[in-house]
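Shown here: query_26.cif, mmCIF, C-alpha atoms.
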data_query
#
loop_
_atom_site.label_atom_id
_atom_site.label_comp_id
_atom_site.auth_asym_id
_atom_site.auth_seq_id
_atom_site.Cartn_x
_atom_site.Cartn_y
_atom_site.Cartn_z
CA MET Z 60 0.00 0.00 0.00
CA ASN Z 61 1.01 3.59 -0.62
CA GLU Z 62 1.88 5.07 2.78
CA ASN Z 63 0.48 8.45 1.73
CA LYS Z 64 -2.99 7.10 1.08
CA THR Z 65 -5.75 6.57 3.61
CA LYS Z 66 -5.81 2.86 4.43
CA ILE Z 67 -9.34 1.48 4.67
CA LEU Z 68 -9.79 -2.07 5.89
CA LEU Z 69 -13.01 -3.86 4.92
CA ILE Z 70 -13.75 -6.95 7.01
CA ASN Z 71 -16.44 -9.00 5.28
CA GLY Z 72 -18.10 -11.53 7.57
CA CYS Z 73 -21.14 -12.13 5.34
CA ILE Z 74 -21.29 -15.91 5.24
CA ARG Z 75 -24.04 -15.94 2.59
CA GLY Z 76 -21.84 -14.09 0.14
CA ARG Z 77 -23.45 -11.73 -2.37
CA GLU Z 78 -26.91 -13.01 -1.39
CA SER Z 79 -26.48 -11.44 2.04
CA ARG Z 80 -28.73 -8.52 2.92
CA THR Z 81 -25.91 -7.20 5.07
CA TRP Z 82 -23.62 -7.18 2.05
CA ARG Z 83 -26.19 -5.14 0.11
CA LEU Z 84 -25.74 -2.42 2.72
CA ALA Z 85 -21.96 -2.57 2.54
CA GLU Z 86 -22.00 -2.57 -1.25
CA ALA Z 87 -24.31 0.46 -1.38
CA PHE Z 88 -21.98 2.30 0.97
CA LEU Z 89 -18.86 1.34 -0.99
CA LYS Z 90 -20.25 2.59 -4.31
CA ALA Z 91 -21.20 5.95 -2.80
CA MET Z 92 -17.95 6.22 -0.86
CA GLN Z 93 -15.79 5.51 -3.89
CA ALA Z 94 -17.79 7.91 -6.08
CA SER Z 95 -17.39 10.75 -3.58
CA ALA Z 96 -13.76 10.14 -2.63
CA GLN Z 97 -11.94 13.40 -2.01
CA GLU Z 98 -8.51 11.92 -1.32
CA PRO Z 99 -6.40 8.94 -2.40
CA PHE Z 100 -7.13 5.74 -0.54
CA ASP Z 101 -6.26 2.06 -0.49
CA LEU Z 102 -9.04 -0.43 0.22
CA ALA Z 103 -8.00 -3.82 1.59
CA ARG Z 104 -10.79 -6.41 1.72
CA LEU Z 105 -10.82 -9.54 3.85
CA ASP Z 106 -13.45 -12.14 2.97
CA LEU Z 107 -13.43 -14.09 6.21
CA ALA Z 108 -15.48 -17.04 4.93
CA GLN Z 109 -12.73 -17.73 2.39
CA MET Z 110 -9.91 -17.60 4.94
CA ALA Z 111 -8.50 -20.50 6.94
CA LEU Z 112 -8.91 -18.87 10.34
CA LYS Z 113 -8.13 -21.05 13.34
CA PRO Z 114 -9.49 -20.97 16.88
CA LEU Z 115 -7.06 -20.41 19.73
CA THR Z 116 -6.75 -24.00 20.88
CA GLY Z 117 -4.03 -26.60 21.35
CA ALA Z 118 -0.69 -26.09 19.66
CA PHE Z 119 -1.92 -23.03 17.77
CA PHE Z 120 -2.69 -21.26 21.04
CA GLU Z 121 0.54 -22.42 22.66
CA GLU Z 122 2.59 -21.07 19.75
CA ARG Z 123 0.93 -17.67 20.12
CA GLN Z 124 1.65 -17.54 23.83
CA ARG Z 125 5.27 -18.51 23.26
CA LEU Z 126 5.76 -15.83 20.61
CA LEU Z 127 4.23 -13.18 22.85
CA GLU Z 128 6.38 -14.24 25.80
CA GLU Z 129 9.45 -14.03 23.55
CA ASN Z 130 8.27 -10.59 22.37
CA ASP Z 131 8.33 -11.84 18.76
CA ARG Z 132 5.50 -9.87 17.20
CA SER Z 133 6.99 -9.99 13.71
CA HIS Z 134 5.85 -13.58 13.15
CA PRO Z 135 3.63 -13.97 10.03
CA ARG Z 136 0.72 -15.21 12.12
CA PHE Z 137 0.42 -11.69 13.53
CA ASP Z 138 0.12 -10.06 10.09
CA LEU Z 139 -3.67 -9.66 10.39
CA ALA Z 140 -3.29 -7.90 13.72
CA TRP Z 141 -0.72 -5.48 12.30
CA GLN Z 142 -2.95 -4.80 9.30
CA PHE Z 143 -5.87 -3.98 11.61
CA SER Z 144 -3.73 -1.86 13.92
CA ARG Z 145 -2.31 0.20 11.04
CA ALA Z 146 -5.58 0.83 9.19
CA ASP Z 147 -6.78 4.44 9.16
CA ARG Z 148 -10.46 3.51 8.93
CA ILE Z 149 -12.28 0.21 9.41
CA LEU Z 150 -15.45 -1.18 7.83
CA VAL Z 151 -17.12 -4.35 9.12
CA ALA Z 152 -20.01 -6.19 7.45
CA ALA Z 153 -21.58 -9.11 9.33
CA PRO Z 154 -25.14 -10.31 9.84
CA PHE Z 155 -26.87 -10.55 13.20
CA TRP Z 156 -26.25 -14.18 14.12
CA ASP Z 157 -27.49 -15.96 17.25
CA LEU Z 158 -27.92 -12.56 18.95
CA SER Z 159 -24.33 -11.59 18.09
CA ILE Z 160 -21.95 -12.08 15.14
CA PRO Z 161 -20.96 -15.11 13.03
CA ALA Z 162 -18.24 -17.37 14.42
CA VAL Z 163 -15.93 -16.53 11.53
CA LEU Z 164 -15.81 -12.88 12.63
CA LYS Z 165 -15.20 -13.92 16.23
CA LEU Z 166 -12.29 -16.10 15.07
CA TYR Z 167 -10.83 -13.11 13.24
CA ILE Z 168 -11.17 -10.94 16.34
CA GLU Z 169 -9.46 -13.61 18.47
CA ASN Z 170 -6.54 -13.59 16.06
CA ILE Z 171 -6.08 -9.81 16.01
CA SER Z 172 -6.59 -9.12 19.73
CA LEU Z 173 -2.95 -9.02 20.69
CA ASP Z 174 -1.17 -7.28 23.53
CA GLY Z 175 1.49 -5.06 22.01
CA ILE Z 176 -0.19 -4.75 18.59
CA THR Z 177 -3.86 -3.79 18.86
CA PHE Z 178 -3.90 -2.97 22.57
CA GLY Z 179 -1.52 -2.64 25.47
CA CYS Z 180 -1.62 -2.99 29.25
CA ASN Z 181 -0.06 -1.01 32.06
CA GLU Z 182 -0.69 -0.32 35.73
CA LYS Z 183 -3.82 1.65 34.80
CA GLY Z 184 -5.33 -1.15 32.71
CA ILE Z 185 -5.89 -1.70 28.98
CA TYR Z 186 -5.26 1.00 26.39
CA GLY Z 187 -5.74 0.95 22.62
CA MET Z 188 -2.91 0.90 20.09
CA CYS Z 189 -4.89 1.08 16.83
CA ARG Z 190 -4.55 3.96 14.39
CA ALA Z 191 -8.12 3.91 13.02
CA LYS Z 192 -10.25 6.93 13.75
CA ASP Z 193 -13.53 5.07 13.27
CA MET Z 194 -15.31 1.78 12.67
CA LEU Z 195 -18.46 1.56 10.57
CA PHE Z 196 -20.50 -1.62 11.05
CA PHE Z 197 -23.12 -2.91 8.58
CA THR Z 198 -25.60 -5.55 9.68
CA ALA Z 199 -29.07 -6.92 9.01
CA ARG Z 200 -31.37 -8.43 11.63
CA GLY Z 201 -34.42 -10.60 11.15
CA GLY Z 202 -36.29 -9.01 14.06
CA PHE Z 203 -36.34 -5.73 15.92
CA TYR Z 204 -33.68 -5.49 18.62
CA GLY Z 205 -32.48 -1.87 18.57
CA ASP Z 206 -30.09 -1.24 21.45
CA GLY Z 207 -31.82 -3.74 23.72
CA PRO Z 208 -29.99 -6.33 25.82
CA MET Z 209 -30.50 -9.14 23.28
CA GLU Z 210 -28.48 -7.27 20.67
CA GLN Z 211 -24.89 -8.32 21.32
CA GLY Z 212 -23.32 -7.82 17.87
CA ALA Z 213 -22.98 -4.05 17.56
CA ARG Z 214 -22.65 -3.81 21.34
CA TYR Z 215 -19.64 -6.16 21.27
CA LEU Z 216 -17.90 -4.33 18.42
CA ARG Z 217 -18.46 -0.97 20.11
CA ALA Z 218 -16.78 -2.30 23.25
CA LEU Z 219 -13.88 -3.62 21.18
CA CYS Z 220 -13.41 -0.16 19.68
CA GLU Z 221 -12.86 1.17 23.19
CA MET Z 222 -10.37 -1.61 23.90
CA PHE Z 223 -8.49 -0.97 20.64
CA GLY Z 224 -8.51 2.82 20.99
CA ILE Z 225 -10.85 3.52 18.06
CA PRO Z 226 -12.77 6.65 19.09
CA LYS Z 227 -15.82 6.49 16.81
CA PHE Z 228 -18.26 3.65 16.15
CA ARG Z 229 -21.39 3.66 14.02
CA CYS Z 230 -23.82 0.90 13.11
CA ILE Z 231 -25.97 0.95 9.97
CA CYS Z 232 -28.63 -1.71 10.35
CA ALA Z 233 -31.55 -3.14 8.40
CA GLU Z 234 -33.97 -4.41 11.06
CA GLY Z 235 -37.13 -6.50 10.86
CA MET Z 236 -36.08 -8.32 7.70
CA ASP Z 237 -38.06 -11.47 8.60
CA PHE Z 238 -40.99 -9.66 10.22
CA GLU Z 239 -43.87 -8.89 7.86
CA PRO Z 240 -42.10 -10.24 4.73
CA GLU Z 241 -44.15 -7.95 2.50
CA ARG Z 242 -42.29 -4.98 4.03
CA GLU Z 243 -38.79 -6.44 3.72
CA GLU Z 244 -37.83 -4.46 0.60
CA GLU Z 245 -39.29 -1.27 2.05
CA ARG Z 246 -37.20 -1.60 5.18
CA MET Z 247 -34.17 -2.67 3.19
CA ALA Z 248 -34.49 0.37 0.94
CA CYS Z 249 -34.43 2.67 3.98
CA ALA Z 250 -31.26 1.05 5.30
CA VAL Z 251 -29.63 1.15 1.84
CA LYS Z 252 -30.44 4.86 1.64
CA GLU Z 253 -28.74 5.40 5.01
CA ALA Z 254 -25.69 3.45 3.80
CA GLU Z 255 -25.48 5.47 0.60
CA GLU Z 256 -25.68 8.74 2.51
CA ALA Z 257 -22.96 7.53 4.88
CA GLY Z 258 -20.82 6.79 1.83
CA ARG Z 259 -21.34 10.26 0.40
CA GLN Z 260 -20.45 11.87 3.72
CA TYR Z 261 -17.59 9.51 4.57
CA TRP Z 262 -14.77 11.81 3.56
CA LYS Z 263 -16.26 14.71 5.50
CA SER Z 264 -16.40 12.84 8.80
#
Go ahead and render the structure in this file as structure tokens.
Amino acid sequence: MNENKTKILLINGCIRGRESRTWRLAEAFLKAMQASAQEPFDLARLDLAQMALKPLTGAFFEERQRLLEENDRSHPRFDLAWQFSRADRILVAAPFWDLSIPAVLKLYIENISLDGITFGCNEKGIYGMCRAKDMLFFTARGGFYGDGPMEQGARYLRALCEMFGIPKFRCICAEGMDFEPEREEERMACAVKEAEEAGRQYWKS
């Protein structure tokens, strides 16, 4: 990547691919964002469903702990964490799944949550080490959850932003997709419109 360009990291956790309603939101945003770009930028896209992400278990976990204890954070297995930490802006697309996020996105988060790369610790507690000034999250939900206690997807990512030192978080959501099916496209159109407007205003924020 060109170091003089804004580095945007797009994390795609849409496990249904292009059929995903969540991806429709992200795609609408991307088209508007790219059309209104006011500065050079690099867009790196991670399609998590196509990646061989591993859970932190067994030998894989033990290797990570050993590398951290040896202060070897240049190992290739930490490349994703460095990419996340060095991004200027972050986009995440993932559907509402079992009241939270798909497992593939959780696996990614496990692999980038690293002391000394994305966050640090001192006598006062945890502090963020990420460069990004914001995270924009796209999601679609079958029902209506809003900011209620059963909604743990956006809530979780917002908390992670605090941990990683990312000051701004915003969620663009299409809700009620499976409630009154005859109104699905109407509700989807409203969310797409919000995503498009966010894309047009992205470079001003």
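Residues in contact range of Arg123 in chain Z, defined as at most 12 Å between only C-alpha atoms, with sequence neighbours fewer than 5 positions away removed, read Lys113, Pro114, Leu115, Thr116, Gly117, Ala118, Glu128, Glu129, Asn130, Asp131, Arg132, Ser133, His134, Pro135, Arg136, Phe137, Glu169, Asn170, Ile171, Ser172, Leu173 and Asp174 of chain Z.
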Check your understanding: Residues picked by the PyMOL selection byres ((chain Z and resi 194) around 6) here, as a ChimeraX atom specification?
Key -> /Z:149-150,193,195,228
Review point. Given the file above and the PyMOL selection byres ((chain Z and resi 104) around 6), which residues are selected, and can you give them as a list of chain:residue names?
Key: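 Here the PyMOL selection byres ((chain Z and resi 104) around 6) matches Z:Leu69, Z:Ala103, Z:Leu105.
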Check your understanding: Interatomic distance between CA of Ile74 in chain Z and CA of Ala87 in chain Z?
Key -> 17.9 Å
**Study point:** Chain and number of each residue from the PyMOL selection byres ((chain Z and resi 151) around 12), as a PyMOL selection string
**Key:** chain Z and resi 67-73+81-82+84-86+88-89+103-107+143+148-150+152-154+160+164+167-168+193-198+212-213+216-217+220+228-232
Practice item. Quick one: residues within 7 Å of (-39.2, -14.6, 10.0) (file frame), counting only C-alpha atoms, please, as a PyMOL selection string. Key: chain Z and resi 201+237-238
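Each of Z:Lys263, Z:Met110, Z:Leu158, Z:Ser79 was checked against Asp206 in chain Z using only C-alpha atoms; the smallest atom-to-atom distance is that of Z:Leu158.
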Check your understanding: From the list Z:Arg214, Z:Lys183, Z:Arg200, Z:Arg77, which residue is nearest Glu234 in chain Z when using only C-alpha atoms?
Key ->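 Distance minimum relative to Glu234 in chain Z lands on Z:Arg200.
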Check your understanding: Z:Leu219, Z:Leu102, Z:Leu139, Z:Met236: which is nearest Phe203 in chain Z, counting only C-alpha atoms?
Key ->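 Using only C-alpha atoms, the shortest distance to Phe203 in chain Z belongs to Z:Met236.
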Review point. Of the candidates Z:Trp262, Z:Phe223, Z:Tyr215, Z:Phe100, which one gets nearest to Cys180 in chain Z if we count all atoms listed in the file?
Key: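 Residue with the minimum atom-to-atom distance to Cys180 in chain Z: Z:Phe223.
Here CA of Gly184 in chain Z and CA of Pro208 in chain Z stand 26.1 Å from one another.
Protein, DNA and RNA residues at most 7 Å from (-8.2, 2.6, 16.4), with only C-alpha atoms, are these: Ser144, Gly187, Met188, Cys189, Arg190, Ala191, Lys192, Asp193, Cys220, Phe223, Gly224, Ile225 and Pro226 of chain Z.
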Serialized selection, C-alpha atoms, as an mmCIF file, in the frame of the given file:
data_model
loop_
_atom_site.group_PDB
_atom_site.id
_atom_site.type_symbol
_atom_site.label_atom_id
_atom_site.label_comp_id
_atom_site.auth_asym_id
_atom_site.auth_seq_id
_atom_site.Cartn_x
_atom_site.Cartn_y
_atom_site.Cartn_z
ATOM 1 C CA SER Z 144 -3.730 -1.860 13.920
ATOM 2 C CA GLY Z 187 -5.740 0.950 22.620
ATOM 3 C CA MET Z 188 -2.910 0.900 20.090
ATOM 4 C CA CYS Z 189 -4.890 1.080 16.830
ATOM 5 C CA ARG Z 190 -4.550 3.960 14.390
ATOM 6 C CA ALA Z 191 -8.120 3.910 13.020
ATOM 7 C CA LYS Z 192 -10.250 6.930 13.750
ATOM 8 C CA ASP Z 193 -13.530 5.070 13.270
ATOM 9 C CA CYS Z 220 -13.410 -0.160 19.680
ATOM 10 C CA PHE Z 223 -8.490 -0.970 20.640
ATOM 11 C CA GLY Z 224 -8.510 2.820 20.990
ATOM 12 C CA ILE Z 225 -10.850 3.520 18.060
ATOM 13 C CA PRO Z 226 -12.770 6.650 19.090
#
